[in-house]
file coords_36.pdb (PDB, C-alpha atoms and all ligand atoms)
ATOM      1  CA  MET G   1      63.288  -3.151   6.014  1.00  0.00           C
ATOM      2  CA  LYS G   2      60.124  -3.626   8.007  1.00  0.00           C
ATOM      3  CA  GLN G   3      57.808  -1.589   5.846  1.00  0.00           C
ATOM      4  CA  THR G   4      57.213  -1.674   2.144  1.00  0.00           C
ATOM      5  CA  LYS G   5      59.244   0.887   0.229  1.00  0.00           C
ATOM      6  CA  LEU G   6      57.824   2.455  -2.926  1.00  0.00           C
ATOM      7  CA  THR G   7      59.889   4.350  -5.482  1.00  0.00           C
ATOM      8  CA  LEU G   8      58.614   6.057  -8.606  1.00  0.00           C
ATOM      9  CA  LEU G   9      60.671   4.840 -11.561  1.00  0.00           C
ATOM     10  CA  ASP G  10      62.167   7.391 -13.900  1.00  0.00           C
ATOM     11  CA  THR G  11      60.846   7.118 -17.461  1.00  0.00           C
ATOM     12  CA  SER G  12      64.450   6.718 -18.674  1.00  0.00           C
ATOM     13  CA  ASP G  13      64.870   3.614 -16.485  1.00  0.00           C
ATOM     14  CA  THR G  14      65.298   0.395 -18.520  1.00  0.00           C
ATOM     15  CA  ILE G  15      62.772  -1.430 -16.331  1.00  0.00           C
ATOM     16  CA  TYR G  16      60.248   1.368 -16.881  1.00  0.00           C
ATOM     17  CA  GLN G  17      60.786   1.237 -20.626  1.00  0.00           C
ATOM     18  CA  ASN G  18      60.502  -2.548 -20.852  1.00  0.00           C
ATOM     19  CA  LEU G  19      57.327  -2.695 -18.764  1.00  0.00           C
ATOM     20  CA  HIS G  20      55.863   0.302 -20.572  1.00  0.00           C
ATOM     21  CA  SER G  21      56.463  -1.241 -23.981  1.00  0.00           C
ATOM     22  CA  LEU G  22      55.100  -4.658 -22.941  1.00  0.00           C
ATOM     23  CA  PHE G  23      52.011  -3.098 -21.381  1.00  0.00           C
ATOM     24  CA  THR G  24      51.088  -0.596 -24.088  1.00  0.00           C
ATOM     25  CA  THR G  25      51.714  -3.142 -26.860  1.00  0.00           C
ATOM     26  CA  ALA G  26      49.214  -5.487 -25.181  1.00  0.00           C
ATOM     27  CA  ILE G  27      46.785  -2.653 -24.327  1.00  0.00           C
ATOM     28  CA  PRO G  28      47.141   0.146 -26.921  1.00  0.00           C
ATOM     29  CA  GLU G  29      44.232   2.086 -25.304  1.00  0.00           C
ATOM     30  CA  ALA G  30      46.200   2.475 -22.060  1.00  0.00           C
ATOM     31  CA  THR G  31      48.347   5.449 -21.096  1.00  0.00           C
ATOM     32  CA  MET G  32      50.936   4.876 -18.399  1.00  0.00           C
ATOM     33  CA  THR G  33      50.817   7.413 -15.583  1.00  0.00           C
ATOM     34  CA  GLY G  34      53.726   5.937 -13.661  1.00  0.00           C
ATOM     35  CA  ILE G  35      55.423   2.781 -12.439  1.00  0.00           C
ATOM     36  CA  LEU G  36      56.306   2.228  -8.796  1.00  0.00           C
ATOM     37  CA  LYS G  37      59.085  -0.113  -7.785  1.00  0.00           C
ATOM     38  CA  ILE G  38      58.002  -2.153  -4.755  1.00  0.00           C
ATOM     39  CA  GLU G  39      60.403  -3.362  -2.083  1.00  0.00           C
ATOM     40  CA  MET G  40      58.459  -5.610   0.254  1.00  0.00           C
ATOM     41  CA  PRO G  41      59.332  -6.049   3.955  1.00  0.00           C
ATOM     42  CA  GLU G  42      62.324  -8.354   4.498  1.00  0.00           C
ATOM     43  CA  LYS G  43      60.230 -11.075   6.133  1.00  0.00           C
ATOM     44  CA  ILE G  44      58.095 -11.403   2.989  1.00  0.00           C
ATOM     45  CA  ILE G  45      61.079 -11.360   0.612  1.00  0.00           C
ATOM     46  CA  LYS G  46      62.769 -14.036   2.706  1.00  0.00           C
ATOM     47  CA  ARG G  47      59.857 -16.501   2.707  1.00  0.00           C
ATOM     48  CA  HIS G  48      59.609 -16.084  -1.082  1.00  0.00           C
ATOM     49  CA  GLN G  49      63.337 -16.750  -1.549  1.00  0.00           C
ATOM     50  CA  ILE G  50      63.231 -19.820   0.710  1.00  0.00           C
ATOM     51  CA  LEU G  51      60.351 -21.267  -1.293  1.00  0.00           C
ATOM     52  CA  ALA G  52      62.146 -20.487  -4.592  1.00  0.00           C
ATOM     53  CA  VAL G  53      65.187 -22.485  -3.469  1.00  0.00           C
ATOM     54  CA  LYS G  54      63.031 -25.327  -2.138  1.00  0.00           C
ATOM     55  CA  MET G  55      60.977 -25.563  -5.338  1.00  0.00           C
ATOM     56  CA  SER G  56      63.973 -25.324  -7.641  1.00  0.00           C
ATOM     57  CA  LYS G  57      65.693 -28.170  -5.764  1.00  0.00           C
ATOM     58  CA  LYS G  58      62.566 -30.285  -6.030  1.00  0.00           C
ATOM     59  CA  HIS G  59      62.368 -29.697  -9.778  1.00  0.00           C
ATOM     60  CA  LYS G  60      66.153 -29.919 -10.233  1.00  0.00           C
ATOM     61  CA  THR G  61      66.432 -26.492 -11.796  1.00  0.00           C
ATOM     62  CA  ASP G  62      67.438 -22.887 -10.980  1.00  0.00           C
ATOM     63  CA  PRO G  63      65.202 -20.448  -9.068  1.00  0.00           C
ATOM     64  CA  GLN G  64      65.232 -18.092 -12.106  1.00  0.00           C
ATOM     65  CA  ILE G  65      63.727 -20.832 -14.298  1.00  0.00           C
ATOM     66  CA  ILE G  66      60.686 -21.235 -12.055  1.00  0.00           C
ATOM     67  CA  THR G  67      60.254 -17.475 -11.423  1.00  0.00           C
ATOM     68  CA  HIS G  68      57.799 -15.865 -13.847  1.00  0.00           C
ATOM     69  CA  SER G  69      57.026 -12.178 -14.212  1.00  0.00           C
ATOM     70  CA  MET G  70      53.218 -11.966 -14.212  1.00  0.00           C
ATOM     71  CA  PHE G  71      50.470  -9.330 -14.200  1.00  0.00           C
ATOM     72  CA  HIS G  72      47.769  -9.045 -11.542  1.00  0.00           C
ATOM     73  CA  GLY G  73      45.043  -6.465 -12.042  1.00  0.00           C
ATOM     74  CA  THR G  74      43.297  -5.122  -8.962  1.00  0.00           C
ATOM     75  CA  THR G  75      41.623  -2.078  -7.401  1.00  0.00           C
ATOM     76  CA  TYR G  76      42.046   0.269  -4.450  1.00  0.00           C
ATOM     77  CA  ASN G  77      39.741   1.901  -1.990  1.00  0.00           C
ATOM     78  CA  CYS G  78      41.775   4.886  -0.863  1.00  0.00           C
ATOM     79  CA  TYR G  79      43.448   7.172  -3.369  1.00  0.00           C
ATOM     80  CA  ASP G  80      45.783   6.776  -6.286  1.00  0.00           C
ATOM     81  CA  PRO G  81      49.286   5.504  -5.461  1.00  0.00           C
ATOM     82  CA  ILE G  82      51.272   8.374  -6.982  1.00  0.00           C
ATOM     83  CA  THR G  83      49.341  11.016  -5.032  1.00  0.00           C
ATOM     84  CA  LYS G  84      49.743   8.808  -1.986  1.00  0.00           C
ATOM     85  CA  LEU G  85      53.488   8.587  -2.504  1.00  0.00           C
ATOM     86  CA  GLU G  86      53.839  12.320  -3.085  1.00  0.00           C
ATOM     87  CA  ALA G  87      51.834  13.029   0.048  1.00  0.00           C
ATOM     88  CA  LYS G  88      54.082  10.550   1.909  1.00  0.00           C
ATOM     89  CA  ALA G  89      50.860   8.917   3.079  1.00  0.00           C
ATOM     90  CA  GLU G  90      50.712   5.569   4.844  1.00  0.00           C
ATOM     91  CA  LEU G  91      49.061   2.536   3.325  1.00  0.00           C
ATOM     92  CA  CYS G  92      45.435   2.479   4.427  1.00  0.00           C
ATOM     93  CA  GLU G  93      43.885  -0.048   6.822  1.00  0.00           C
ATOM     94  CA  ASP G  94      40.700  -0.517   4.811  1.00  0.00           C
ATOM     95  CA  LYS G  95      40.088  -4.243   4.385  1.00  0.00           C
ATOM     96  CA  GLU G  96      38.396  -3.550   1.056  1.00  0.00           C
ATOM     97  CA  CYS G  97      41.522  -1.847  -0.310  1.00  0.00           C
ATOM     98  CA  ALA G  98      43.274  -4.595  -2.277  1.00  0.00           C
ATOM     99  CA  MET G  99      46.174  -2.327  -3.242  1.00  0.00           C
ATOM    100  CA  CYS G 100      47.242  -1.416   0.299  1.00  0.00           C
ATOM    101  CA  GLY G 101      46.688  -4.986   1.507  1.00  0.00           C
ATOM    102  CA  ILE G 102      48.953  -6.405  -1.201  1.00  0.00           C
ATOM    103  CA  LEU G 103      51.560  -3.676  -0.686  1.00  0.00           C
ATOM    104  CA  ARG G 104      51.663  -4.404   3.011  1.00  0.00           C
ATOM    105  CA  LYS G 105      51.588  -8.200   3.121  1.00  0.00           C
ATOM    106  CA  GLY G 106      51.660  -9.548  -0.417  1.00  0.00           C
ATOM    107  CA  ASN G 107      48.829 -11.390  -2.161  1.00  0.00           C
ATOM    108  CA  LYS G 108      46.461 -13.292   0.085  1.00  0.00           C
ATOM    109  CA  LYS G 109      44.372 -16.276  -0.916  1.00  0.00           C
ATOM    110  CA  ARG G 110      41.284 -15.282   1.035  1.00  0.00           C
ATOM    111  CA  LYS G 111      41.141 -11.907  -0.704  1.00  0.00           C
ATOM    112  CA  THR G 112      40.526 -13.591  -4.025  1.00  0.00           C
ATOM    113  CA  LYS G 113      36.846 -13.545  -4.821  1.00  0.00           C
ATOM    114  CA  ASN G 114      35.739 -16.799  -6.355  1.00  0.00           C
ATOM    115  CA  ARG G 115      33.277 -16.835  -9.214  1.00  0.00           C
ATOM    116  CA  TRP G 116      33.095 -20.605  -9.347  1.00  0.00           C
ATOM    117  CA  TRP G 117      31.076 -21.638  -6.326  1.00  0.00           C
ATOM    118  CA  TRP G 118      31.867 -25.332  -6.614  1.00  0.00           C
ATOM    119  CA  ARG G 119      35.572 -24.784  -6.118  1.00  0.00           C
ATOM    120  CA  LYS G 120      36.509 -24.841  -2.493  1.00  0.00           C
ATOM    121  CA  LYS G 121      39.933 -23.340  -2.805  1.00  0.00           C
ATOM    122  CA  SER G 122      40.759 -20.146  -4.611  1.00  0.00           C
ATOM    123  CA  GLY G 123      44.370 -19.343  -5.269  1.00  0.00           C
ATOM    124  CA  ILE G 124      46.216 -16.238  -6.411  1.00  0.00           C
ATOM    125  CA  TRP G 125      45.748 -15.621 -10.120  1.00  0.00           C
ATOM    126  CA  SER G 126      48.092 -13.860 -12.494  1.00  0.00           C
ATOM    127  CA  SER G 127      48.703 -13.771 -16.241  1.00  0.00           C
ATOM    128  CA  ASN G 128      51.696 -13.127 -18.458  1.00  0.00           C
ATOM    129  CA  ASP G 129      49.337 -11.045 -20.635  1.00  0.00           C
ATOM    130  CA  PRO G 130      48.369  -7.625 -19.214  1.00  0.00           C
ATOM    131  CA  ALA G 131      45.316  -7.601 -21.514  1.00  0.00           C
ATOM    132  CA  TYR G 132      43.946 -10.606 -19.587  1.00  0.00           C
ATOM    133  CA  SER G 133      44.581  -8.968 -16.202  1.00  0.00           C
ATOM    134  CA  LEU G 134      42.989  -5.698 -17.354  1.00  0.00           C
ATOM    135  CA  ASN G 135      39.435  -6.837 -16.510  1.00  0.00           C
ATOM    136  CA  PHE G 136      40.403  -7.040 -12.857  1.00  0.00           C
ATOM    137  CA  SER G 137      41.835  -3.506 -12.919  1.00  0.00           C
ATOM    138  CA  LEU G 138      38.679  -2.172 -14.560  1.00  0.00           C
ATOM    139  CA  LYS G 139      36.344  -3.761 -12.024  1.00  0.00           C
ATOM    140  CA  ARG G 140      35.727  -0.350 -10.571  1.00  0.00           C
ATOM    141  CA  HIS G 141      34.930   1.974 -13.412  1.00  0.00           C
ATOM    142  CA  ASP G 142      34.768   4.987 -11.127  1.00  0.00           C
ATOM    143  CA  GLN G 143      38.421   4.555 -10.357  1.00  0.00           C
ATOM    144  CA  HIS G 144      41.080   6.714 -11.983  1.00  0.00           C
ATOM    145  CA  PRO G 145      43.826   5.953 -12.542  1.00  0.00           C
ATOM    146  CA  TYR G 146      43.721   2.157 -12.733  1.00  0.00           C
ATOM    147  CA  ILE G 147      46.361  -0.115 -11.223  1.00  0.00           C
ATOM    148  CA  MET G 148      48.013  -3.434 -12.036  1.00  0.00           C
ATOM    149  CA  PHE G 149      50.706  -5.298 -10.122  1.00  0.00           C
ATOM    150  CA  VAL G 150      53.681  -7.035 -11.659  1.00  0.00           C
ATOM    151  CA  LEU G 151      54.412 -10.083  -9.526  1.00  0.00           C
ATOM    152  CA  ASP G 152      57.185 -12.624  -9.460  1.00  0.00           C
ATOM    153  CA  VAL G 153      55.364 -15.952  -9.372  1.00  0.00           C
ATOM    154  CA  LEU G 154      56.964 -19.308  -8.614  1.00  0.00           C
ATOM    155  CA  SER G 155      55.700 -22.151 -10.761  1.00  0.00           C
ATOM    156  CA  PRO G 156      57.453 -25.246 -12.175  1.00  0.00           C
ATOM    157  CA  LEU G 157      56.016 -24.386 -15.593  1.00  0.00           C
ATOM    158  CA  PRO G 158      55.273 -21.020 -17.202  1.00  0.00           C
ATOM    159  CA  GLY G 159      51.701 -20.290 -18.245  1.00  0.00           C
ATOM    160  CA  TYR G 160      49.350 -17.747 -19.794  1.00  0.00           C
ATOM    161  CA  ALA G 161      47.425 -17.740 -16.522  1.00  0.00           C
ATOM    162  CA  LEU G 162      48.775 -19.168 -13.289  1.00  0.00           C
ATOM    163  CA  GLU G 163      46.971 -19.975 -10.070  1.00  0.00           C
ATOM    164  CA  VAL G 164      49.117 -20.581  -7.013  1.00  0.00           C
ATOM    165  CA  PHE G 165      47.934 -21.666  -3.594  1.00  0.00           C
ATOM    166  CA  ASN G 166      51.027 -20.879  -1.572  1.00  0.00           C
ATOM    167  CA  GLU G 167      51.080 -17.189  -0.654  1.00  0.00           C
ATOM    168  CA  ALA G 168      54.887 -17.250  -0.493  1.00  0.00           C
ATOM    169  CA  ALA G 169      54.928 -18.192  -4.201  1.00  0.00           C
ATOM    170  CA  THR G 170      54.110 -14.627  -5.247  1.00  0.00           C
ATOM    171  CA  ILE G 171      55.848 -11.374  -4.491  1.00  0.00           C
ATOM    172  CA  PRO G 172      54.876  -7.889  -5.727  1.00  0.00           C
ATOM    173  CA  LYS G 173      57.660  -6.205  -7.735  1.00  0.00           C
ATOM    174  CA  TYR G 174      56.087  -3.232  -9.532  1.00  0.00           C
ATOM    175  CA  LEU G 175      52.841  -1.311  -9.568  1.00  0.00           C
ATOM    176  CA  LEU G 176      51.652   0.003 -12.907  1.00  0.00           C
ATOM    177  CA  ILE G 177      49.419   3.065 -12.772  1.00  0.00           C
ATOM    178  CA  PHE G 178      47.531   3.876 -15.913  1.00  0.00           C
ATOM    179  CA  GLU G 179      44.576   5.495 -17.590  1.00  0.00           C
ATOM    180  CA  TYR G 180      42.391   3.491 -19.939  1.00  0.00           C
ATOM    181  CA  ASN G 181      40.113   4.796 -22.611  1.00  0.00           C
ATOM    182  CA  SER G 182      38.179   2.138 -24.484  1.00  0.00           C
ATOM    183  CA  SER G 183      36.357   4.517 -26.805  1.00  0.00           C
TER     184      SER G 183
HETATM  185 ZN    ZN G 201      44.384   1.762   0.459  1.00  0.00          ZN
END
call {"tool": "encode", "arguments": {"input": "coords_36.pdb", "output": "C-alpha cells", "more": "lines below"}}
Ligand SMILES: [Zn+2]
result
Amino acid sequence: MKQTKLTLLDTSDTIYQNLHSLFTTAIPEATMTGILKIEMPEKIIKRHQILAVKMSKKHKTDPQIITHSMFHGTTYNCYDPITKLEAKAELCEDKECAMCGILRKGNKKRKTKNRWWWRKKSGIWSSNDPAYSLNFSLKRHDQHPYIMFVLDVLSPLPGYALEVFNEAATIPKYLLIFEYNSS
C-alpha cells in the first residue's frame, strides 16, 4: 500500500469499544464521534518494524514489550476526518494541517512546536493518558470535532509521557474524533 488507508470502525468492534471506554473514562466530558483505523503506507510500517526489532534486540526483550499505545492530541486545517472520508477526499497539502501531515508521513520532529526555547531538540510527544493529550487537541477552540491520534510508540520503558527523537519510533494506529464540552 502506497497511500494511507482509513477505515471507520464499527461501534461493535472490540477495538472501538476498548478505546472508547479508555477515552471517555479519562475525559467524561468528551463524546466520541467516530474512530478511524489507520493503515500507513508500507514504507512507513516497515521502518517502524525494523526499528522495533533492532531496539528489542538491544534491550534483550520482545518488540511487544517496548511498544506502547499512546495518545497524541493535535489539530487540522482542512475539514473533519469523517466528512473527509465520506467525501472520499484526499489528504490536504496544507503545511499547517497536522492531521493530514501525520496521516501521510507519520509524526515529524520539526512539526513539534517547542515551548522551551533553551532546548535545541524537540521530539515527538505522547502520553498514555488521553486527558494529558487533550490540551493539544483543544488548541484550536474553533475546531469541531476535535481529534486525537493513538500511536504505537517504541520506548525501552513505558511512561506517562514519552518523548522520542527517532521518527520511526512512532506509528499512527487510530484517529479518535470527538466533541468536547467543558461546561
Ligand atoms: Zn488537512
call {"tool": "closest_residue", "arguments": {"input": "coords_36.pdb", "among": "G:Ala161, G:Leu22, G:Leu176, G:Met40", "to": "Asn107 in chain G", "atoms": "only C-alpha atoms"}}
result
G:Met40
call {"tool": "closest_atom_pairs", "arguments": {"input": "coords_36.pdb", "of": "chain G", "to": "ligand ZN 201 (chain G)", "cutoff": "6 Å", "atoms": "all atoms listed in the file", "output": "CSV"}}
result
residue,atom,partner,partner_atom,distance
G:Tyr76,CA,G:ZN201,ZN,5.6
G:Asn77,CA,G:ZN201,ZN,5.3
G:Cys78,CA,G:ZN201,ZN,4.3
G:Leu91,CA,G:ZN201,ZN,5.5
G:Cys92,CA,G:ZN201,ZN,4.2
G:Cys97,CA,G:ZN201,ZN,4.7
G:Met99,CA,G:ZN201,ZN,5.8
G:Cys100,CA,G:ZN201,ZN,4.3
call {"tool": "write_last_selection", "arguments": {"input": "coords_36.pdb", "atoms": "C-alpha atoms", "output": "mmCIF file, keeping the file's coordinate frame"}}
result
data_model
loop_
_atom_site.group_PDB
_atom_site.id
_atom_site.type_symbol
_atom_site.label_atom_id
_atom_site.label_comp_id
_atom_site.auth_asym_id
_atom_site.auth_seq_id
_atom_site.Cartn_x
_atom_site.Cartn_y
_atom_site.Cartn_z
ATOM 1 C CA TYR G 76 42.046 0.269 -4.450
ATOM 2 C CA ASN G 77 39.741 1.901 -1.990
ATOM 3 C CA CYS G 78 41.775 4.886 -0.863
ATOM 4 C CA LEU G 91 49.061 2.536 3.325
ATOM 5 C CA CYS G 92 45.435 2.479 4.427
ATOM 6 C CA CYS G 97 41.522 -1.847 -0.310
ATOM 7 C CA MET G 99 46.174 -2.327 -3.242
ATOM 8 C CA CYS G 100 47.242 -1.416 0.299
#
call {"tool": "closest_residue", "arguments": {"input": "coords_36.pdb", "among": "G:Thr33, G:Ser127, G:Asn166, G:Gln64", "to": "Leu8 in chain G", "atoms": "all atoms listed in the file"}}
result
G:Thr33
call {"tool": "closest_residue", "arguments": {"input": "coords_36.pdb", "among": "G:Leu6, G:Leu162, G:Leu175, G:Ile38", "to": "Glu90 in chain G", "atoms": "all atoms listed in the file"}}
result
G:Leu6
call {"tool": "atom_distance", "arguments": {"input": "coords_36.pdb", "atom1": "CA of Phe178 in chain G", "atom2": "CA of Thr31 in chain G"}}
result
5.5 Å
call {"tool": "resolve_selection", "arguments": {"input": "coords_36.pdb", "expression": "the PyMOL selection byres (((chain G and resi 182) around 12) and not hetatm)", "output": "list in words"}}
result
Ile27, Pro28, Glu29, Ala30, Thr31, Leu134, Leu138, His141, Glu179, Tyr180, Asn181 and Ser183 of chain G
call {"tool": "resolve_selection", "arguments": {"input": "coords_36.pdb", "expression": "the PyMOL selection byres (((chain G and resi 124) around 7) and not hetatm)", "output": "PyMOL selection string"}}
result
chain G and resi 107+109+112+122-123+125-126+163-165
call {"tool": "resolve_selection", "arguments": {"input": "coords_36.pdb", "expression": "the PyMOL selection byres (((chain G and resi 169-171) around 12) and not hetatm)", "output": "PyMOL selection string"}}
result
chain G and resi 4+38-55+63+66-72+102-109+123-126+149-156+162-168+172-175
call {"tool": "closest_residue", "arguments": {"input": "coords_36.pdb", "among": "G:Met32, G:Lys37, G:Pro130, G:Glu96", "to": "Tyr146 in chain G", "atoms": "all atoms listed in the file"}}
result
G:Met32
call {"tool": "atom_distance", "arguments": {"input": "coords_36.pdb", "atom1": "CA of Phe23 in chain G", "atom2": "CA of Ala131 in chain G"}}
result
8.1 Å
call {"tool": "residues_near_point", "arguments": {"input": "coords_36.pdb", "point": "(57.9, 3.7, -19.4)", "cutoff": "12 Å", "atoms": "only C-alpha atoms", "output": "list in words"}}
result
Leu8, Leu9, Asp10, Thr11, Ser12, Asp13, Thr14, Ile15, Tyr16, Gln17, Asn18, Leu19, His20, Ser21, Leu22, Phe23, Thr24, Thr25, Thr31, Met32, Thr33, Gly34, Ile35, Leu36, Leu176, Ile177 and Phe178 of chain G
call {"tool": "decode", "arguments": {"input": "coords_36.pdb", "residues": "range 86-179 of chain G", "atoms": "C-alpha atoms", "output": "mmCIF file, in the first residue's frame"}}
result
data_model
loop_
_atom_site.group_PDB
_atom_site.id
_atom_site.type_symbol
_atom_site.label_atom_id
_atom_site.label_comp_id
_atom_site.auth_asym_id
_atom_site.auth_seq_id
_atom_site.Cartn_x
_atom_site.Cartn_y
_atom_site.Cartn_z
ATOM 1 C CA GLU G 86 -17.282 10.070 3.367
ATOM 2 C CA ALA G 87 -16.474 12.524 0.598
ATOM 3 C CA LYS G 88 -13.577 10.238 -0.424
ATOM 4 C CA ALA G 89 -11.414 13.356 -0.269
ATOM 5 C CA GLU G 90 -7.631 13.309 -0.452
ATOM 6 C CA LEU G 91 -5.438 14.370 2.429
ATOM 7 C CA CYS G 92 -4.705 18.071 2.064
ATOM 8 C CA GLU G 93 -1.313 19.585 1.212
ATOM 9 C CA ASP G 94 -1.556 22.411 3.735
ATOM 10 C CA LYS G 95 1.666 22.501 5.748
ATOM 11 C CA GLU G 96 -0.274 23.835 8.728
ATOM 12 C CA CYS G 97 -2.577 20.796 8.736
ATOM 13 C CA ALA G 98 -1.034 18.487 11.339
ATOM 14 C CA MET G 99 -3.665 15.791 10.793
ATOM 15 C CA CYS G 100 -3.046 15.294 7.067
ATOM 16 C CA GLY G 101 0.725 15.551 7.542
ATOM 17 C CA ILE G 102 0.722 12.808 10.178
ATOM 18 C CA LEU G 103 -1.679 10.642 8.164
ATOM 19 C CA ARG G 104 0.543 10.914 5.131
ATOM 20 C CA LYS G 105 4.023 10.533 6.604
ATOM 21 C CA GLY G 106 3.734 9.854 10.318
ATOM 22 C CA ASN G 107 4.825 12.195 13.107
ATOM 23 C CA LYS G 108 7.637 14.573 12.266
ATOM 24 C CA LYS G 109 10.031 16.136 14.734
ATOM 25 C CA ARG G 110 10.144 19.543 13.088
ATOM 26 C CA LYS G 111 6.365 19.882 13.285
ATOM 27 C CA THR G 112 6.512 19.864 17.056
ATOM 28 C CA LYS G 113 6.350 23.393 18.360
ATOM 29 C CA ASN G 114 8.703 23.889 21.255
ATOM 30 C CA ARG G 115 7.667 25.950 24.241
ATOM 31 C CA TRP G 116 11.027 25.648 25.938
ATOM 32 C CA TRP G 117 13.363 27.887 23.988
ATOM 33 C CA TRP G 118 16.530 26.616 25.633
ATOM 34 C CA ARG G 119 16.028 23.099 24.350
ATOM 35 C CA LYS G 120 17.563 22.623 20.969
ATOM 36 C CA LYS G 121 15.873 19.398 20.064
ATOM 37 C CA SER G 122 12.171 18.753 20.235
ATOM 38 C CA GLY G 123 10.953 15.215 19.898
ATOM 39 C CA ILE G 124 7.554 13.638 19.341
ATOM 40 C CA TRP G 125 5.448 13.710 22.490
ATOM 41 C CA SER G 126 2.711 11.323 23.508
ATOM 42 C CA SER G 127 1.002 10.262 26.730
ATOM 43 C CA ASN G 128 -0.698 7.118 27.958
ATOM 44 C CA ASP G 129 -3.364 9.424 29.445
ATOM 45 C CA PRO G 130 -5.793 10.977 26.926
ATOM 46 C CA ALA G 131 -6.611 13.698 29.483
ATOM 47 C CA TYR G 132 -2.997 14.917 29.216
ATOM 48 C CA SER G 133 -3.077 14.917 25.404
ATOM 49 C CA LEU G 134 -6.426 16.744 25.357
ATOM 50 C CA ASN G 135 -4.827 20.208 25.656
ATOM 51 C CA PHE G 136 -3.150 19.687 22.304
ATOM 52 C CA SER G 137 -6.453 18.705 20.671
ATOM 53 C CA LEU G 138 -8.169 21.772 22.117
ATOM 54 C CA LYS G 139 -5.518 24.192 20.883
ATOM 55 C CA ARG G 140 -7.946 25.401 18.281
ATOM 56 C CA HIS G 141 -11.205 26.116 20.005
ATOM 57 C CA ASP G 142 -12.947 26.934 16.746
ATOM 58 C CA GLN G 143 -12.446 23.381 15.628
ATOM 59 C CA HIS G 144 -15.244 20.825 15.759
ATOM 60 C CA PRO G 145 -14.956 17.959 16.118
ATOM 61 C CA TYR G 146 -11.601 17.570 17.866
ATOM 62 C CA ILE G 147 -9.064 14.880 17.008
ATOM 63 C CA MET G 148 -6.509 12.743 18.828
ATOM 64 C CA PHE G 149 -4.171 10.102 17.431
ATOM 65 C CA VAL G 150 -3.430 6.766 19.031
ATOM 66 C CA LEU G 151 0.186 5.937 18.249
ATOM 67 C CA ASP G 152 2.345 2.903 18.775
ATOM 68 C CA VAL G 153 5.497 4.296 20.364
ATOM 69 C CA LEU G 154 8.756 2.402 20.799
ATOM 70 C CA SER G 155 10.487 3.027 24.101
ATOM 71 C CA PRO G 156 12.578 0.742 26.349
ATOM 72 C CA LEU G 157 10.434 1.836 29.299
ATOM 73 C CA PRO G 158 6.754 2.781 29.482
ATOM 74 C CA GLY G 159 5.863 6.257 30.708
ATOM 75 C CA TYR G 160 3.047 8.691 31.441
ATOM 76 C CA ALA G 161 4.544 10.996 28.824
ATOM 77 C CA LEU G 162 7.128 9.896 26.288
ATOM 78 C CA GLU G 163 9.331 11.975 24.031
ATOM 79 C CA VAL G 164 11.050 10.171 21.185
ATOM 80 C CA PHE G 165 13.552 11.629 18.760
ATOM 81 C CA ASN G 166 13.517 8.935 16.112
ATOM 82 C CA GLU G 167 10.571 9.453 13.765
ATOM 83 C CA ALA G 168 10.469 5.718 13.016
ATOM 84 C CA ALA G 169 9.742 5.097 16.721
ATOM 85 C CA THR G 170 6.126 6.211 16.330
ATOM 86 C CA ILE G 171 3.405 4.995 14.028
ATOM 87 C CA PRO G 172 -0.210 6.227 13.865
ATOM 88 C CA LYS G 173 -2.749 3.443 14.513
ATOM 89 C CA TYR G 174 -6.105 5.133 15.164
ATOM 90 C CA LEU G 175 -7.664 8.560 14.944
ATOM 91 C CA LEU G 176 -10.199 9.475 17.594
ATOM 92 C CA ILE G 177 -12.775 12.068 16.585
ATOM 93 C CA PHE G 178 -14.731 13.633 19.380
ATOM 94 C CA GLU G 179 -16.731 16.531 20.709
#
